[in-house]
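Working notes for the structure below.
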Amino acid sequence: MKLNKWLLAAIVPLILIGGLLFAVITSDDDDDSGSGPATELVGGGQALSPEVLKLKNMVEKYCKQFGIPEDVMTILAIIQVESGGKGGDVMQSSESLGQSPGSLSTEASVRQGVKYFSEIATNAKSHNIAIEAAIQAYNYGGGFLDYVIKHGSKYTFDVGSDFAKEKAGGRRVTYTNPIAPEKWRYAYGNMFYAKLVSQYLGKVSGNFTFTDKTVKEVMA
């Protein structure tokens, strides 16, 4: 019995989509190493480096230990911005322990960095403040959340910029990163830090992340 051509036209796309979903599930189940190349099936975002992806298991371990298993990708993105996964103190977290910069080993750095971020993130969540504020506070210090709370408990780039301006006494320095269109920032921390980290939150090693754009491309 021959299928009606219109029925066939409707069934084939469903078969193709089903196959893609099966491939997604299979990829997720088979790859637990976190050391493979970043998947390109995601619109927007920049890929994490192989050096950072090698730290995925370690990051998962400490995110679970400190109660923020949902923030693994955020921590990996922070590592990308801080060091690209190279060197010992990959999260530049030694100073949060009162030690000299770069004095921690890789695992000690990840452990301290995750612990420090978990404290900031927990404080932000308790005040219903967006996670971007916690990311920015990783750069500015935990006191930034107090500043956000005093300014309506709502994080915006302008709030972060005003904080840096106040701390720097208005002094600016040259900053040539493409994320800064006017090529400057205030001379305190990096007011673009949350934006820098967010650039890396769209791609996950060994897994597929579906976005509205991805779904539309698959359907097309």
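We name chains A, B, ... following the order of the structure tokens; residues begin at 1 in each chain, and ligands are numbered from 1 as shown.
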
List every residue of segment 118-189 of chain A that DSSP, applied to the backbone of this structure, places in strand (DSSP E or B), and write the result as an NGL selection string. :A and (172-174 or 184-186)

Within 10 Å of segment 175-189 of chain A, which residues of segment 99-154 of chain A come that close, and what is the closest atom pair and distance in Å for each? Count only C-alpha atoms and give it as a tab-separated table.
residue	atom	partner	partner_atom	distance
A:Gln136	CA	A:Gly189	CA	9.3
A:Ala137	CA	A:Gly189	CA	9.7
A:Tyr138	CA	A:Gly189	CA	9.9
A:Asn139	CA	A:Gly189	CA	6.2
A:Tyr140	CA	A:Gly189	CA	5.7
A:Gly141	CA	A:Gly189	CA	9.1

Generate the output file for the selected residues, N, CA and C atoms, as a CSV table (one decimal), in the first residue's frame.
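Wrote selection.csv, looks like this:
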chain,number,residue,atom,x,y,z
A,136,GLN,N,29.5,39.2,38.7
A,136,GLN,CA,30.2,40.4,38.8
A,136,GLN,C,30.9,40.6,40.2
A,137,ALA,N,30.2,40.1,41.2
A,137,ALA,CA,30.8,40.2,42.6
A,137,ALA,C,32.0,39.3,42.7
A,138,TYR,N,32.1,38.2,41.9
A,138,TYR,CA,33.3,37.4,41.9
A,138,TYR,C,34.6,38.3,41.6
A,139,ASN,N,34.3,39.3,40.7
A,139,ASN,CA,35.4,40.2,40.3
A,139,ASN,C,35.6,41.3,41.3
A,140,TYR,N,34.4,41.9,41.7
A,140,TYR,CA,34.5,43.1,42.6
A,140,TYR,C,34.7,42.8,44.1
A,141,GLY,N,34.2,41.6,44.5
A,141,GLY,CA,34.2,41.2,45.9
A,141,GLY,C,32.8,41.2,46.4

Could you make a table, as a tab-separated table, of the residues of segment 139-171 of chain A that have an atom within 10 Å of an atom of segment 112-135 of chain A, each with its nearest atom pair and distance in Å to one decimal, counting only C-alpha atoms, in chain and number order?
residue	atom	partner	partner_atom	distance
A:Asn139	CA	A:Ile135	CA	7.2
A:Tyr140	CA	A:Ile135	CA	9.1
A:Gly141	CA	A:Ile120	CA	8.8
A:Gly142	CA	A:Ile120	CA	6.2
A:Gly143	CA	A:Ile120	CA	9.5
A:Phe144	CA	A:Ala133	CA	8.1
A:Leu145	CA	A:Ala124	CA	6.9
A:Asp146	CA	A:Ala124	CA	9.5
A:Val148	CA	A:Ala133	CA	7.9
A:Ile149	CA	A:His127	CA	7.7
A:Gly152	CA	A:Ile129	CA	9.6
A:Ser153	CA	A:Ile129	CA	5.9
A:Lys154	CA	A:Ile129	CA	6.0
A:Tyr155	CA	A:Ala133	CA	5.7
A:Thr156	CA	A:Ala133	CA	8.0
A:Phe157	CA	A:Ala133	CA	9.2
A:Val159	CA	A:Ala133	CA	9.6
A:Gly160	CA	A:Ala133	CA	8.2

Those same residues, written as a PDB file, in the first residue's frame with C-alpha atoms?
ATOM      1  CA  ASN A 139      35.412  40.162  40.332  1.00  0.00           C
ATOM      2  CA  TYR A 140      34.474  43.092  42.579  1.00  0.00           C
ATOM      3  CA  GLY A 141      34.214  41.249  45.893  1.00  0.00           C
ATOM      4  CA  GLY A 142      31.221  40.211  47.963  1.00  0.00           C
ATOM      5  CA  GLY A 143      30.595  43.799  49.065  1.00  0.00           C
ATOM      6  CA  PHE A 144      29.167  44.505  45.628  1.00  0.00           C
ATOM      7  CA  LEU A 145      26.015  42.577  46.516  1.00  0.00           C
ATOM      8  CA  ASP A 146      25.422  44.950  49.426  1.00  0.00           C
ATOM      9  CA  VAL A 148      23.117  46.088  44.641  1.00  0.00           C
ATOM     10  CA  ILE A 149      20.749  45.527  47.570  1.00  0.00           C
ATOM     11  CA  GLY A 152      16.829  48.123  44.639  1.00  0.00           C
ATOM     12  CA  SER A 153      18.218  44.567  44.623  1.00  0.00           C
ATOM     13  CA  LYS A 154      18.290  44.641  40.839  1.00  0.00           C
ATOM     14  CA  TYR A 155      21.514  44.127  38.934  1.00  0.00           C
ATOM     15  CA  THR A 156      22.158  46.064  35.744  1.00  0.00           C
ATOM     16  CA  PHE A 157      25.349  46.929  33.930  1.00  0.00           C
ATOM     17  CA  VAL A 159      24.734  49.550  38.680  1.00  0.00           C
ATOM     18  CA  GLY A 160      28.003  47.647  38.254  1.00  0.00           C
TER      19      GLY A 160
END

Rounded to one decimal in Å, what is the spacing between atom CA of Glu70 of chain A and atom CA of Tyr147 of chain A? 25.3 Å

In Å, rounded to a single decimal, give me how far atom CA of Val110 of chain A is from atom CA of Ala168 of chain A. 28.9 Å

Quick check, in Å to one decimal: how far apart do atom CA of Arg111 of chain A and atom CA of Val81 of chain A lie? 17.0 Å

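Across A:Ala108, A:Cys63, A:Leu201, A:Val52, the tightest approach to Lys86 of chain A is made by A:Val52 when counting only C-alpha atoms.
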
Give the answer as one residue: which of A:Val173, A:Ala164, A:Leu104, A:Ala77 has the shortest atom-to-atom distance to Ala47 of chain A, using only C-alpha atoms?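 Nearest to Ala47 of chain A: A:Ala77.
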
Restricting the calculation to only C-alpha atoms: of A:Gln92, A:Glu51, A:Ile78, A:Gly170, which residue gets closest to Gln199 of chain A?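 Among the listed residues, A:Ile78 lies closest to Gln199 of chain A.
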
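Take the candidates A:Ser109, A:Ser100, A:Ser161, A:Ser198 and check each one against Tyr62 of chain A using only C-alpha atoms; the shortest distance goes to A:Ser109.
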
Identify, on the basis of only C-alpha atoms, every residue whose closest approach to Leu76 of chain A does not exceed 10 Å; exclude the query and any residue fewer than 2 positions from it along the same chain; express the result as a PyMOL selection string. chain A and resi 48-49+52-56+59-60+71-74+78-82+84-85+91+110+197+200-201+204
